[in-house]
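Colleague: The structure under discussion is supplied below as structure tokens; questions concerning it will follow.
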Amino acid sequence: MSSSRPPAAPRRPHEIVAHGHARIDDWYWLADRDDPAVLAYLEAENQYTDEVLAPTKELQESLFEDIKRRVRETDAGPPTRHGPWWYFSRTVEGKQYPIMCRRPDPNRALTAAEVAAAARAQEDGGDDEQVLLDENLLGAGKEYMAVGVFDVSPDHDVLAYAVDLDGSELYSLRFRDLTTGIDLPDVVEGVYYGSAWALDNKSFFYIRPDEAMRPWQVWRHELGRAANADVLVFQEDDERFFVGIGLSRSEMRIVIESASKTTSEARWVDSSNPTEQARLVLARQAGVEYDVEHDGESWLIRTNRPGADGRPATNFALYRLPERSTDPADLEEVMAARADVKLESVDAFAGHMVVGERSEVDGLERLRVFDRAGGSEVLIEQPEAAYSLLGDPNPEWDATTYRFGYTSLVTPRSSIEFDMVSEERTTVWAQEVPGGYDASQYRTERLWAKAEDGTRVPVSVVTRRDQPVDGTMPCLLYGYGAYEITIDPSFSPVRLNLLERGINYAIAHVRGGGELGRTWYEQGRMEHKTNTFTDFIAAATHLVDTGWANPAALVARGGSAGGLLMGAVTNLRPDLWTAVVAEVPFVDVVTTMSDTSLPLTVTEWEEWGDPVHDDQAFERMLSYAPYDNVPTEAIAAGTFPALFVTAGLNDPRVGYWEPAKWVAKLRAAGAGSDRRPVLLRTELGAGHQGASGRYDVWRDEARVQAFILRQVGRD
């Protein structure tokens with residue numbers, strides 16, 4: 001490692017008062033991005049990180065080249081048929097971003113597999129290919145570029161697309177005439193994710209965020225008119241709620257959804273009459289969540305609303321509601337809530353309905369297809385014991401096939417087309433892994449750790465088949481555990497870098513996620529949040545006890561809310577980890593959740609608690625917030641792990657100052673040494689997602705992997 005000294009962030013005591021509690025924060029000044037000293041400090045931290053990792057430069061380059069070797073750089077993704085076109089994206093060797101394309105199929109003569117083969121056949125895509133959007137042109141000369149909206153009009157003649165050039169997640173919306181390839185003069189600034197076209201092919205609905213980056217308004221733009229003439233369609237004034245919008249698969253209805261973490265409400269606009277006022281589906285009721293799917297005649301409503309008999313529907317039930325009714329009494333039960341299976345999604349087609357569900361017993365996703373006319377149903381069988389199903393687009397209302405993605409820890413992603421009539425399963429696209437990848441050389445298992453309260457916690461592991469499970473192999477354990485987000489086992493060619501070098505990989509499916517249904521989520525939020533942390537520690541100790549992890553070479557990794565997890569488990573068991581990777585970590589929980597001027601704060605109170613008005617929530621957060629619980633004794637004893645922390649200067653979700661302050665406070669307490677450094681690296685031109693170009697992403701990953709390999713002695 002390096003003998004250079006880390007940069008010092010001087011103490012500037014600042015008093016913070018929240019809910020009557022006064023606290024001194026010595027590094028609060030780092031949140032002032034207009035202070036030149038802040039940028040200078042972040043740049044010095046980046047330089048220090050580079051100096052410490054300088055001995056790994058050759059290893060980083062080797063890891064980067066290995067990633068490239070395992071990725072088909074000139075490739076095409078699975079095509080999607082929509083109207084008279086096949087839409088797909090492709091990449092070209094040496095270019096950072098995808099190229100969005102389509103190929104005509106007026107007679108629908110080509111299969112998806114044939115279109116995919118044609119797109120992969122040559123770099124320019126072929127004579128009949130039309131390039132809709134070359135993202136490389138948008139990102140040329142830019143440090144960051146992301147496309148947040150990509151939406152083709154119903155007549156397929158106009159593309160709406162929105163671009164972010166700094167990672168702030170504020171987008172510029174533009175419209176491209178696909179018959180000429182030229183952008184129209186219409187430009188709308190300050191747009192967020194979510195969009196919908198009306199059937200007149202000129203009315204476009206989009207979302208704006210408020211000053212705190214909460215999506216709160218739906219606007220309607222008419223092609224050819226100035227943006228200042230756009231019409232406000234809906235505004236959500238409750239700061240706990242986010243707004244989303246989309247066009248139903250039937251294309252008959254534009255749906256506006258407003259949702260907090262525990263309550264939701266939907267409205268709709270007739271897509272053939274876009275100027276009409278949005279109509280309510282069901283009025284919001286505290287604690288009741290629902291989402292809607294249009295079946296061509298009525299609404300299919302997935303909800304946790306208690307049944308007519310008063311029984312709870314924790315794992316959600318399915319109802320049908322007449323389209324013009326707003327009365328809950330008119331709900332007709334289609335599928336009752338089940339105690340051990342969560343209803344996760346509903347997709348309606350002209351003749352079929354596809355239901356996504358998840359077992360609370362094994363955490364596996366399932367797809368069930370219903371014939372809407374005959375009432376028969378079939379479960380789509382999957383070939384492996386542990387897997388992940390991915391959402392592929394299915395835009396066609398009258399389709400009789402259903403597309404979904406499939407992968408596992410050892411199986412590269414494929415795109416599967418299931419014929420809902422014949423029940424035949426066809427692979428229409430498969431991820432190619434150059435370099436001789438052989439899935440049979442790897443094995444994956446599902447383990448079960450026991451948490452402190454006796455709860456069984458699932459852990460997915462993957463390793464080389466020739467490696468012994470005898471406690472001698474290093475192991476990387478990943479976790480998230482928040483917002484009911486599931487971290488399902490999926491393949492990554494990038495991960496092969498570690499597996500080939502003898503690092504086992506594991507995912508702890510901790511409470512706070514959605515892996516075992518709604519109850520699993522509820523047991524890892526609010527007053528139960530510490531279950532997320534103790535579950536992760538239980539998973540780690542189980543890996544050690546069963547021989548999957550060398551106790552002297554165990555690494556933890558997580559990001560964002562998973563970065564909070566990293567900070568918490570580092571404080572609780574600093575002796576357990578050789579190294580920890582915390583990416584854009586949410587570590588200054590109390591300060592952030594007490595500042596209502598920050599993005600997302602109020603909306604997050606239903607996930608973490610409200611420390612401004614609730615004294616118990618304040619004390620609870622203060623008890624586990626990594627920034628407020630630096631383990632000084634472990635640091636003094638030399639048992640604190642090596643730490644690699646990342647941040648994004650333009651991050652609207654987790655302020656860059658949270659990881660920066662955390663590292664400064666750890667250093668002040670004595671953390672960091674040549675053997676176990678504490679490193680901070682901030683993307684100065686990006687946000688929450690880090691670098692945007694694929695080669696930049698791979699170089700960042702190679703840097704993190706080199707850090708891990710160095711810490712476990714595999715460099």
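Ordering of the structure tokens sets the chain letters (A, B, ...); residue numbers start at 1 within each chain; ligands are numbered from 1 in the order shown.
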Write out as JSON lines a residue-level contact list of segment 176-241 of chain A versus segment 602-619 of chain A with cut-off 10 Å: for each qualifying residue the closest pair of atoms and the distance in Å to one decimal, counting only C-alpha atoms, rows sorted by chain and residue number upward.
Modeller:
```
{"residue": "A:Ala212", "atom": "CA", "partner": "A:Val602", "partner_atom": "CA", "distance": 9.4}
{"residue": "A:Arg214", "atom": "CA", "partner": "A:Thr603", "partner_atom": "CA", "distance": 8.1}
{"residue": "A:Asp238", "atom": "CA", "partner": "A:Thr603", "partner_atom": "CA", "distance": 9.1}
{"residue": "A:Glu239", "atom": "CA", "partner": "A:Val602", "partner_atom": "CA", "distance": 6.1}
{"residue": "A:Arg240", "atom": "CA", "partner": "A:Thr603", "partner_atom": "CA", "distance": 3.9}
{"residue": "A:Phe241", "atom": "CA", "partner": "A:Thr603", "partner_atom": "CA", "distance": 6.3}
```
Colleague: Skipping near chain neighbours, those fewer than 2 positions away, what residues fall within 10 Å of segment 84-86 of chain A using only C-alpha atoms, listed as a list in words?
Modeller: Pro78, Pro79, Thr80, Arg81, His82, Phe88, Cys101, Arg102, Arg103, Pro104, Asp105, Pro106, Asn107, Arg108, Leu110, Thr111, Ala112, Val115, Ala116, Glu129, Asp155 and His156 of chain A
Colleague: Please produce an output containing C-alpha atoms for each residue in the selection, written as an mmCIF file, in the first residue's frame.
Modeller:
```cif
data_model
loop_
_atom_site.group_PDB
_atom_site.id
_atom_site.type_symbol
_atom_site.label_atom_id
_atom_site.label_comp_id
_atom_site.auth_asym_id
_atom_site.auth_seq_id
_atom_site.Cartn_x
_atom_site.Cartn_y
_atom_site.Cartn_z
ATOM 1 C CA PRO A 78 -33.395 -9.078 -27.475
ATOM 2 C CA PRO A 79 -35.799 -7.470 -29.986
ATOM 3 C CA THR A 80 -39.343 -6.472 -29.090
ATOM 4 C CA ARG A 81 -42.134 -6.441 -31.643
ATOM 5 C CA HIS A 82 -44.408 -3.422 -31.437
ATOM 6 C CA PHE A 88 -33.876 -3.408 -30.159
ATOM 7 C CA CYS A 101 -32.749 0.822 -33.405
ATOM 8 C CA ARG A 102 -35.695 -0.786 -35.132
ATOM 9 C CA ARG A 103 -36.241 -3.028 -38.127
ATOM 10 C CA PRO A 104 -39.460 -3.171 -40.175
ATOM 11 C CA ASP A 105 -41.578 -6.290 -40.173
ATOM 12 C CA PRO A 106 -44.772 -5.232 -41.963
ATOM 13 C CA ASN A 107 -45.782 -8.825 -42.630
ATOM 14 C CA ARG A 108 -44.642 -10.057 -39.223
ATOM 15 C CA LEU A 110 -39.617 -12.699 -38.831
ATOM 16 C CA THR A 111 -39.336 -14.388 -35.469
ATOM 17 C CA ALA A 112 -37.671 -12.653 -32.550
ATOM 18 C CA VAL A 115 -34.331 -10.462 -35.799
ATOM 19 C CA ALA A 116 -31.791 -10.912 -32.989
ATOM 20 C CA GLU A 129 -32.153 -1.046 -39.811
ATOM 21 C CA ASP A 155 -48.170 5.709 -34.822
ATOM 22 C CA HIS A 156 -44.401 5.047 -34.485
#
```
Colleague: Rounded to one decimal in Å, what is the spacing between atom CA of Ala691 of chain A and atom CA of Lys665 of chain A?
Modeller: 26.3 Å
Colleague: Would you list the contacts of segment 353-356 of chain A as a VMD selection string, taking every protein, DNA or RNA residue within 8 Å and counting only C-alpha atoms, but skipping same-chain residues closer than 3 positions in sequence?
Modeller: chain A and resid 343 to 349 365 to 372
Colleague: Please produce an output containing C-alpha atoms for each residue in the selection, written as a PDB file, in the first residue's frame.
Modeller:
```pdb
ATOM      1  CA  LEU A 343     -49.143 -11.431  -5.554  1.00  0.00           C
ATOM      2  CA  GLU A 344     -46.500  -9.180  -7.136  1.00  0.00           C
ATOM      3  CA  SER A 345     -47.779  -8.184 -10.570  1.00  0.00           C
ATOM      4  CA  VAL A 346     -50.615  -8.515 -13.076  1.00  0.00           C
ATOM      5  CA  ASP A 347     -50.286  -8.191 -16.865  1.00  0.00           C
ATOM      6  CA  ALA A 348     -53.480  -8.161 -18.934  1.00  0.00           C
ATOM      7  CA  PHE A 349     -53.649  -9.072 -22.628  1.00  0.00           C
ATOM      8  CA  GLU A 365     -40.620 -15.917  -8.346  1.00  0.00           C
ATOM      9  CA  ARG A 366     -43.315 -17.657 -10.364  1.00  0.00           C
ATOM     10  CA  LEU A 367     -45.341 -16.775 -13.454  1.00  0.00           C
ATOM     11  CA  ARG A 368     -48.882 -18.065 -13.856  1.00  0.00           C
ATOM     12  CA  VAL A 369     -50.863 -17.643 -17.110  1.00  0.00           C
ATOM     13  CA  PHE A 370     -54.665 -17.482 -17.170  1.00  0.00           C
ATOM     14  CA  ASP A 371     -56.883 -17.904 -20.240  1.00  0.00           C
ATOM     15  CA  ARG A 372     -59.389 -15.058 -19.849  1.00  0.00           C
TER      16      ARG A 372
END
```
Colleague: For Ala549 of chain A, please output as a PyMOL selection string all residues within 12 Å (counting only C-alpha atoms; exclusion window: fewer than 5 positions along the same chain).
Modeller: chain A and resi 461-463+467-477+502-506+539-544+554-556+576-578+712
Colleague: Now that the selection is made, can you save its residues with N, CA and C atoms as a compact mmCIF listing (two decimals), in the first residue's frame?
Modeller:
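Written file, again_31.txt:
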```
# COMPACT_ATOMS: atom_id res chain seq x y z
N VAL A 461 -25.33 -18.56 -2.77
CA VAL A 461 -23.87 -18.61 -2.94
C VAL A 461 -23.53 -19.21 -4.29
N VAL A 462 -22.37 -18.78 -4.83
CA VAL A 462 -21.85 -19.36 -6.05
C VAL A 462 -20.34 -19.47 -5.90
N THR A 463 -19.79 -20.55 -6.45
CA THR A 463 -18.36 -20.80 -6.34
C THR A 463 -17.90 -21.64 -7.53
N GLN A 467 -13.47 -25.76 -6.12
CA GLN A 467 -13.00 -25.20 -4.86
C GLN A 467 -13.58 -25.95 -3.67
N PRO A 468 -12.77 -26.20 -2.66
CA PRO A 468 -13.28 -26.87 -1.47
C PRO A 468 -14.10 -25.92 -0.61
N VAL A 469 -15.08 -26.46 0.07
CA VAL A 469 -15.86 -25.68 1.04
C VAL A 469 -15.33 -26.05 2.42
N ASP A 470 -14.16 -25.52 2.73
CA ASP A 470 -13.48 -25.92 3.96
C ASP A 470 -12.96 -24.74 4.76
N GLY A 471 -13.51 -23.55 4.49
CA GLY A 471 -13.11 -22.38 5.26
C GLY A 471 -11.81 -21.75 4.84
N THR A 472 -11.28 -22.14 3.68
CA THR A 472 -10.00 -21.57 3.24
C THR A 472 -10.17 -20.50 2.16
N MET A 473 -11.36 -20.39 1.58
CA MET A 473 -11.58 -19.49 0.46
C MET A 473 -12.11 -18.13 0.92
N PRO A 474 -11.59 -17.05 0.34
CA PRO A 474 -12.17 -15.73 0.60
C PRO A 474 -13.61 -15.69 0.09
N CYS A 475 -14.39 -14.75 0.63
CA CYS A 475 -15.80 -14.66 0.24
C CYS A 475 -16.24 -13.20 0.25
N LEU A 476 -17.02 -12.82 -0.75
CA LEU A 476 -17.65 -11.51 -0.82
C LEU A 476 -19.13 -11.68 -0.58
N LEU A 477 -19.66 -10.99 0.43
CA LEU A 477 -21.08 -11.07 0.78
C LEU A 477 -21.75 -9.74 0.45
N GLY A 502 -10.75 -17.27 -7.23
CA GLY A 502 -10.95 -18.02 -6.00
C GLY A 502 -11.74 -17.31 -4.92
N ILE A 503 -12.54 -16.31 -5.30
CA ILE A 503 -13.38 -15.60 -4.32
C ILE A 503 -14.80 -16.14 -4.43
N ASN A 504 -15.32 -16.71 -3.38
CA ASN A 504 -16.73 -17.11 -3.36
C ASN A 504 -17.60 -15.85 -3.31
N TYR A 505 -18.81 -15.97 -3.85
CA TYR A 505 -19.72 -14.83 -3.86
C TYR A 505 -21.05 -15.26 -3.24
N ALA A 506 -21.60 -14.38 -2.39
CA ALA A 506 -22.86 -14.71 -1.71
C ALA A 506 -23.74 -13.47 -1.63
N ALA A 539 -25.88 -14.08 8.36
CA ALA A 539 -25.49 -14.71 7.09
C ALA A 539 -23.98 -14.86 7.01
N ALA A 540 -23.25 -13.83 7.43
CA ALA A 540 -21.79 -13.87 7.38
C ALA A 540 -21.23 -14.95 8.29
N THR A 541 -21.73 -15.02 9.51
CA THR A 541 -21.22 -16.03 10.45
C THR A 541 -21.59 -17.44 9.99
N HIS A 542 -22.74 -17.57 9.33
CA HIS A 542 -23.12 -18.88 8.80
C HIS A 542 -22.17 -19.31 7.68
N LEU A 543 -21.78 -18.38 6.83
CA LEU A 543 -20.82 -18.69 5.77
C LEU A 543 -19.49 -19.15 6.36
N VAL A 544 -19.08 -18.50 7.43
CA VAL A 544 -17.84 -18.90 8.10
C VAL A 544 -17.99 -20.27 8.75
N LEU A 554 -13.06 -12.17 4.66
CA LEU A 554 -14.48 -11.97 4.41
C LEU A 554 -14.73 -10.50 4.11
N VAL A 555 -15.36 -10.23 2.96
CA VAL A 555 -15.60 -8.86 2.51
C VAL A 555 -17.11 -8.64 2.39
N ALA A 556 -17.57 -7.46 2.82
CA ALA A 556 -18.97 -7.07 2.69
C ALA A 556 -19.10 -5.96 1.66
N LEU A 576 -15.45 -8.74 12.14
CA LEU A 576 -15.90 -9.81 11.26
C LEU A 576 -15.40 -9.64 9.83
N TRP A 577 -15.08 -8.40 9.45
CA TRP A 577 -14.81 -8.10 8.05
C TRP A 577 -13.34 -7.77 7.81
N THR A 578 -12.79 -8.35 6.78
CA THR A 578 -11.46 -7.94 6.33
C THR A 578 -11.54 -6.60 5.61
N VAL A 712 -7.73 -9.40 0.47
CA VAL A 712 -7.84 -10.83 0.82
C VAL A 712 -6.63 -11.63 0.35
```
Colleague: Could you tell me, as a count of residues only, which residues of segment 67-306 of chain A DSSP assigns to strand (DSSP E) when given the backbone?
Modeller: 110
Colleague: Choose the residue, out of A:His688, A:Lys342, A:Lys202, A:Lys261, that has the smallest atom-to-atom separation from Gly514 of chain A; count only C-alpha atoms.
Modeller: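 Residue with the minimum atom-to-atom distance to Gly514 of chain A: A:Lys342.
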Colleague: Would you kindly return, as a list in words, each protein, DNA or RNA residue with an atom no farther than 6 Å from any atom of segment 671-684 of chain A, considering only C-alpha atoms and excluding same-chain residues fewer than 4 positions away?
Modeller: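 Once the nearby chain positions are removed, what remains is Met1, Glu45, Asn46, Thr49, Ile635, Ala642, Leu643, Phe644, Val645, Thr646, Ala647, Gly648, Leu649, Leu666 and Arg667 of chain A.
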Colleague: Could you pull out all residues of segment 96-230 of chain A with a DSSP call of helix (DSSP H, G or I) and give them as an NGL selection string?
Modeller: :A and (112-121 or 135-139 or 227-229)
Colleague: Write out as a PyMOL selection string each polymer residue whose atoms come within 10 Å of Arg403 of chain A, counting only C-alpha atoms; drop sequence neighbours fewer than 6 positions from it.
Modeller: chain A and resi 80+390-395+415-419+425-428
Colleague: Write out the residues from the selection above, keeping C-alpha atoms, as a JSON list (two decimals), in the first residue's frame.
Modeller:
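Listing of result28.json after writing:
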```
[["chain", "number", "residue", "atom", "x", "y", "z"],
["A", 80, "THR", "CA", -39.34, -6.47, -29.09],
["A", 390, "LEU", "CA", -36.57, -10.34, -15.33],
["A", 391, "GLY", "CA", -39.15, -8.04, -16.85],
["A", 392, "ASP", "CA", -38.94, -7.99, -20.63],
["A", 393, "PRO", "CA", -41.24, -5.59, -22.54],
["A", 394, "ASN", "CA", -44.57, -6.95, -23.79],
["A", 395, "PRO", "CA", -46.20, -3.96, -25.53],
["A", 415, "SER", "CA", -35.02, -13.91, -23.19],
["A", 416, "ILE", "CA", -37.82, -16.47, -23.11],
["A", 417, "GLU", "CA", -40.99, -16.40, -25.18],
["A", 418, "PHE", "CA", -43.84, -18.46, -23.73],
["A", 419, "ASP", "CA", -46.72, -19.27, -26.07],
["A", 425, "ARG", "CA", -41.23, -22.22, -24.30],
["A", 426, "THR", "CA", -38.71, -20.76, -26.77],
["A", 427, "THR", "CA", -35.40, -19.03, -26.10],
["A", 428, "VAL", "CA", -35.32, -16.08, -28.50]]
```
